[in-house]
Amino acid sequence: MLPAAFPFALKGGEGRHRSRSQWFPPLLRARIGVYRCLLALAATLAISVPEARAADAGPVAALDADPEDGAVHDGVYQNGYFGLTVPLPPGWTKGFDGPAPSQTGYYVLANFTPAEALTATMLIAAQDQFFAAKPAANAAEAVDRFAATLGGESGLTLVQAPHEILIAGRSFTRLDYEGAGLRHVLLATDRRCHIVSMVLTTRDSGALEELVRGLQAMRWTGDGDDPLPLCLKDYPEAESRAHALGAAWGAGGASIPARLVIGADGKVRHVHVIGAPTPVAEMLSVVLAGWTFAPDQQGGRPIAIETGVVIGSRR
Amino acid sequence: MTTSKRPAFLSSSRVLASAIALATAFLAAPAFAQAPAIPRVADPGPRGGAPDAGGPLPGLGTLDQALFNSAKTRFQEVDSVSGGIANEAGVGLGPRFNLNGCAGCHAQPTVGGTSPETNPEIAVATLDGANNTIPSFISLHGPVREVRFVHNPDGTPDGGVHDLFVISGRTDAPGCHIKQPDFEQQFQAGNAIFRIPTPTFGLGLVENVPDSNLQDAVDNEAGLRQSLGISGHFNTSGNDGTITRFGWKAQNKSLLMFAGEAYNVEQGVTNELFPNEREDNAHCQFNALPEDATNVTIVHPSGSPGSDFSSDIVNFAAFMRLSAPPAPIPPTPDTTAGRHVFASIGCNGCHVIQQTTAVSTFTNVATTFEPFSDFAVHSMGRGLADGVSQGNAGGDQFRTAPLWGLGQRLFFMHDGRTSDLVAAITDHAGNGSEANAVIANYRMLPAVQKQQLLDFLRSL
């Protein structure tokens, strides 16, 4: 049986114990064990062993990308998952890398700062609609919630209430606030199962508006001829299978989120396991990639969908 | 008739004197006055004076106060191998250990605190005839440290504590000849990571916060956190799925678990939670097991039957549970401004200011208190990563360190790497850290506001 002794499956307090070598096998043995268990799980769940994927029809690049895969090339931030390009302001550079995607589906996509002196920052982040503890219905609601917390002990003061603006032809909700002499503009929009946010910070309100104007150069692709998968937060069939997989595996206290892109043919096209150790993520990716569902339909046409499941249990 | 003339040099002198006078007047002009000094941002340093911690929770009844006092005495007990050495009446030290008593490490600013100024690990290494070598990363005025190895020799994850010292050579350990691990080799190989003691004041309040309140405190800051690149998650118990909250990675569920594990791991004293020796060399076993157990008779009554009948670890847990939180000093305009800065730049995204307990068995009230922590674990990046996973906390993830009592602490971060609060703040930022945006906000503050923040933190 798959060893339960992956780090996140350990009981509390065991960290001080001397060694886990007696029940945490070497990586190679773990991989062999993983694939043996894979076969066992497949038999248990009546899921066929995955074959090599057939060629996809549709926007393969966007389907195969993950939210955290963006990068800066020649002064432009590009993110294939969101179909987003954002030119960096003149004289700016990439800041520190953000953390790995969180178990609640929050991503720090990029940090930018002026190259010469730290006088301003730009943070681009995304929160998915699948794994957040209390997801907002949309970007506007998320911004309204944040605005409601400003003032009092928060240390932050509302400067301008949330309102809609158009940037590069796309609707954003804008919120202006300040604290300790720092001015902030939060811009949030809905995109492919996520709320994408951009937070601009500086002490100079003139420079702040210039940064906002500069964002008019951003571009979004993926709409129109190459539609993105339909976001489906609750997909009972997938959730049921994930729960059964967690139970069969013996995940202990672990709850592992995974994002799935299911093609119009009902086959899983892309799996993104979030926040799990690499051997576990690899194992789960193989299992989930073998799942097939009855194709979803919209207007009588089969469609691709994107959804999120949790393997194990949420407590 | 001839006319006398002044010698040429006198004329030159007058010119020189005039030039000097002119230059002096010129330099004294306001345009050339010295520029105002740039305010210096500096850690004011730990507060001196009496400790602002260490007493019992307010509102305890008479019996619970007696329990607290007796439990505190037990917390200060010094262990030897079999209890036969004067002033070392505790039983069960070793065979491997880091120190011989809880209060040795948990000492600053008083019993129950954290790492003191003089590292007791230096003295204990050779106490009672022991012949331990002190590793190079342990110093007299450095932090108390425990050591963990990141990997086993075969490359699999280790992560466990490897005690610094052995009882070999002690007068109460005849025939025991085990050796210390080769710490220098592990240290040079980058396989050794360190942890310093966490303070224990007020932890009963932390233990009594319902999971739902911890989650609510995080949810209330969701918008702020998402605007700052902060996510984090709770570590949870594999036993019952509830939120664990003690230790550098929030790996421990309860104070009893915390005490029992530490007693066996740090001092080598087996107990009713951890009843087996970690070192099983037959020549180094001197006591019946477990070495700490419930007392069925009372030999030396303390005035608290609850304490007297209970094992050491139950007493340790009671001491921590019934201790009052550290008290900040009264606010001043400077520290009040600093508190505002703290919230304005987003420190409270992780260092959540307030938590609320359930109704307490001991005080009969629910308490709202200020630990300055969400008790969740957060990714702190490659610069702070120690490579050790514990529960749901990965190798670069740490529990938000509670900031209460910071004003009287000497060493910061999980490994005690700095005593300078400014360095501790800036060390939060790096590749992979959730704190980058907040630290960037801090760096964009003018010096005056930075100093207000530091002064506020040292007031806690």
# chains A, B, ... in the order shown; residues from 1 in each chain; ligands from 1
>>> select_by_dssp(residues="segment 107-274 of chain A", states="strand (DSSP E)", output="PyMOL selection string")
chain A and resi 107-114+120-128+157-167+170-179+182-191+194-202+219-220+230-231+255-262+268-273
>>> interface_residues(of="chain B", to="chain A", cutoff="6 Å", atoms="only C-alpha atoms", output="PyMOL selection string")
chain B and resi 156+158+160-161+223+229+237-238+241+251-252+340-341+343-344+389-392+430-434
>>> atom_distance(atom1="atom CA of Asp427 of chain B", atom2="atom CA of Met444 of chain B")
15.8 Å
>>> closest_residue(among="A:Ala304, A:Leu284, A:Ala65, A:Ala294", to="Asn79 of chain A", atoms="only C-alpha atoms")
A:Ala65
>>> select_by_dssp(residues="segment 119-302 of chain A", states="helix (DSSP H, G or I)", output="MDAnalysis selection string")
chainID A and resid 139:149 152:154 205:217 236:249 278:289
>>> residues_around(residues="Pro301 of chain B", least_positions_apart="6", cutoff="12 Å", atoms="only C-alpha atoms", output="list in words")
Ala66, Leu67, Ser70, Asn295, Ser307, Asp308, Phe309 and Ser310 of chain B
>>> atom_distance(atom1="atom CA of Ala139 of chain A", atom2="atom CA of Phe372 of chain B")
29.3 Å
>>> residues_around(residues="Val422 of chain B", least_positions_apart="6", cutoff="10 Å", atoms="only C-alpha atoms", output="JSON, numbers by chain")
{"B": [41, 42, 43, 44, 450, 451, 454]}
>>> residues_around(residues="Leu384 of chain B", least_positions_apart="3", cutoff="9 Å", atoms="only C-alpha atoms", output="number ranges by chain")
B: 380-381, 396-397, 413-414, 427-428, 430, 433
>>> atom_distance(atom1="atom CA of Phe75 of chain B", atom2="atom CA of Asp211 of chain B")
28.4 Å
>>> residues_around(residues="Gln449 of chain B", least_positions_apart="4", cutoff="7 Å", atoms="only C-alpha atoms", output="list of chain:residue names")
B:Gly338, B:Val341, B:Leu445, B:Leu453
>>> residues_around(residues="Gly416 of chain B", least_positions_apart="3", cutoff="10 Å", atoms="only C-alpha atoms", output="list in words")
Ser115, Gly142, Pro143, Val144, Arg145, Phe194, Arg195, Ile196, Pro197, Leu410, Phe411, Phe412, Met413, Ser419 and Ala424 of chain B
>>> decode(residues="segment 232-277 of chain A", atoms="N, CA and C atoms", output="short mmCIF file (atom, residue, chain, number, x, y, z; two decimals), in the first residue's frame")
data_model
loop_
_atom_site.label_atom_id
_atom_site.label_comp_id
_atom_site.auth_asym_id
_atom_site.auth_seq_id
_atom_site.Cartn_x
_atom_site.Cartn_y
_atom_site.Cartn_z
N LEU A 232 -16.07 25.64 -13.74
CA LEU A 232 -17.13 24.94 -13.02
C LEU A 232 -16.63 24.68 -11.63
N LYS A 233 -17.11 25.45 -10.67
CA LYS A 233 -16.60 25.30 -9.31
C LYS A 233 -17.00 23.97 -8.70
N ASP A 234 -18.22 23.61 -8.85
CA ASP A 234 -18.71 22.37 -8.24
C ASP A 234 -19.00 21.37 -9.33
N TYR A 235 -18.23 20.30 -9.36
CA TYR A 235 -18.40 19.25 -10.35
C TYR A 235 -18.51 17.94 -9.57
N PRO A 236 -19.73 17.56 -9.22
CA PRO A 236 -19.92 16.46 -8.28
C PRO A 236 -19.19 15.17 -8.68
N GLU A 237 -19.22 14.84 -9.97
CA GLU A 237 -18.60 13.59 -10.38
C GLU A 237 -17.09 13.62 -10.08
N ALA A 238 -16.46 14.72 -10.40
CA ALA A 238 -15.02 14.83 -10.15
C ALA A 238 -14.74 14.86 -8.65
N GLU A 239 -15.55 15.56 -7.90
CA GLU A 239 -15.35 15.63 -6.45
C GLU A 239 -15.53 14.26 -5.81
N SER A 240 -16.51 13.53 -6.31
CA SER A 240 -16.75 12.19 -5.76
C SER A 240 -15.55 11.29 -6.01
N ARG A 241 -15.02 11.36 -7.19
CA ARG A 241 -13.84 10.53 -7.51
C ARG A 241 -12.64 10.95 -6.68
N ALA A 242 -12.47 12.24 -6.48
CA ALA A 242 -11.34 12.72 -5.67
C ALA A 242 -11.47 12.24 -4.24
N HIS A 243 -12.67 12.27 -3.72
CA HIS A 243 -12.88 11.81 -2.35
C HIS A 243 -12.57 10.32 -2.24
N ALA A 244 -13.03 9.55 -3.23
CA ALA A 244 -12.76 8.11 -3.22
C ALA A 244 -11.27 7.84 -3.35
N LEU A 245 -10.61 8.60 -4.16
CA LEU A 245 -9.16 8.44 -4.32
C LEU A 245 -8.45 8.71 -3.01
N GLY A 246 -8.84 9.77 -2.33
CA GLY A 246 -8.23 10.09 -1.05
C GLY A 246 -8.45 9.00 -0.04
N ALA A 247 -9.66 8.46 -0.01
CA ALA A 247 -9.98 7.40 0.95
C ALA A 247 -9.18 6.13 0.64
N ALA A 248 -9.09 5.79 -0.63
CA ALA A 248 -8.37 4.56 -1.00
C ALA A 248 -6.88 4.70 -0.73
N TRP A 249 -6.36 5.87 -0.94
CA TRP A 249 -4.93 6.12 -0.76
C TRP A 249 -4.55 6.17 0.71
N GLY A 250 -5.45 6.64 1.54
CA GLY A 250 -5.12 6.80 2.96
C GLY A 250 -4.35 8.07 3.16
N ALA A 251 -4.94 9.19 2.75
CA ALA A 251 -4.21 10.46 2.78
C ALA A 251 -4.05 11.01 4.19
N GLY A 252 -4.67 10.34 5.19
CA GLY A 252 -4.55 10.85 6.54
C GLY A 252 -5.20 12.21 6.64
N GLY A 253 -4.51 13.14 7.23
CA GLY A 253 -5.08 14.47 7.39
C GLY A 253 -4.85 15.37 6.22
N ALA A 254 -4.26 14.88 5.15
CA ALA A 254 -3.89 15.75 4.04
C ALA A 254 -5.10 16.11 3.20
N SER A 255 -5.09 17.32 2.68
CA SER A 255 -6.07 17.78 1.70
C SER A 255 -5.28 18.38 0.56
N ILE A 256 -5.29 17.73 -0.58
CA ILE A 256 -4.45 18.17 -1.69
C ILE A 256 -5.33 18.70 -2.80
N PRO A 257 -5.25 20.00 -3.09
CA PRO A 257 -6.07 20.54 -4.19
C PRO A 257 -5.44 20.20 -5.53
N ALA A 258 -6.31 20.02 -6.50
CA ALA A 258 -5.85 19.77 -7.86
C ALA A 258 -6.83 20.42 -8.83
N ARG A 259 -6.27 21.10 -9.82
CA ARG A 259 -7.07 21.75 -10.84
C ARG A 259 -7.09 20.85 -12.06
N LEU A 260 -8.25 20.67 -12.65
CA LEU A 260 -8.39 19.81 -13.82
C LEU A 260 -8.94 20.60 -15.00
N VAL A 261 -8.38 20.34 -16.17
CA VAL A 261 -8.98 20.84 -17.41
C VAL A 261 -9.50 19.61 -18.16
N ILE A 262 -10.79 19.56 -18.38
CA ILE A 262 -11.43 18.42 -19.02
C ILE A 262 -11.85 18.84 -20.42
N GLY A 263 -11.36 18.12 -21.43
CA GLY A 263 -11.63 18.50 -22.81
C GLY A 263 -13.09 18.28 -23.20
N ALA A 264 -13.41 18.76 -24.37
CA ALA A 264 -14.78 18.60 -24.88
C ALA A 264 -15.12 17.13 -25.13
N ASP A 265 -14.10 16.29 -25.20
CA ASP A 265 -14.35 14.85 -25.36
C ASP A 265 -14.48 14.14 -24.02
N GLY A 266 -14.44 14.89 -22.91
CA GLY A 266 -14.61 14.29 -21.59
C GLY A 266 -13.32 13.77 -20.98
N LYS A 267 -12.22 13.84 -21.72
CA LYS A 267 -10.95 13.34 -21.19
C LYS A 267 -10.22 14.47 -20.45
N VAL A 268 -9.53 14.11 -19.41
CA VAL A 268 -8.75 15.10 -18.67
C VAL A 268 -7.55 15.50 -19.53
N ARG A 269 -7.44 16.79 -19.81
CA ARG A 269 -6.38 17.31 -20.67
C ARG A 269 -5.21 17.86 -19.87
N HIS A 270 -5.48 18.29 -18.67
CA HIS A 270 -4.39 18.88 -17.88
C HIS A 270 -4.71 18.74 -16.41
N VAL A 271 -3.67 18.40 -15.66
CA VAL A 271 -3.79 18.27 -14.21
C VAL A 271 -2.77 19.18 -13.54
N HIS A 272 -3.20 19.90 -12.56
CA HIS A 272 -2.28 20.78 -11.80
C HIS A 272 -2.49 20.48 -10.33
N VAL A 273 -1.60 19.67 -9.74
CA VAL A 273 -1.68 19.35 -8.32
C VAL A 273 -0.95 20.47 -7.57
N ILE A 274 -1.59 20.98 -6.55
CA ILE A 274 -1.07 22.17 -5.88
C ILE A 274 -0.57 21.84 -4.48
N GLY A 275 0.66 22.24 -4.19
CA GLY A 275 1.15 22.23 -2.82
C GLY A 275 1.50 20.87 -2.25
N ALA A 276 1.71 19.87 -3.10
CA ALA A 276 2.07 18.55 -2.59
C ALA A 276 3.54 18.27 -2.88
N PRO A 277 4.17 17.41 -2.09
CA PRO A 277 5.55 17.02 -2.41
C PRO A 277 5.60 16.40 -3.80
#
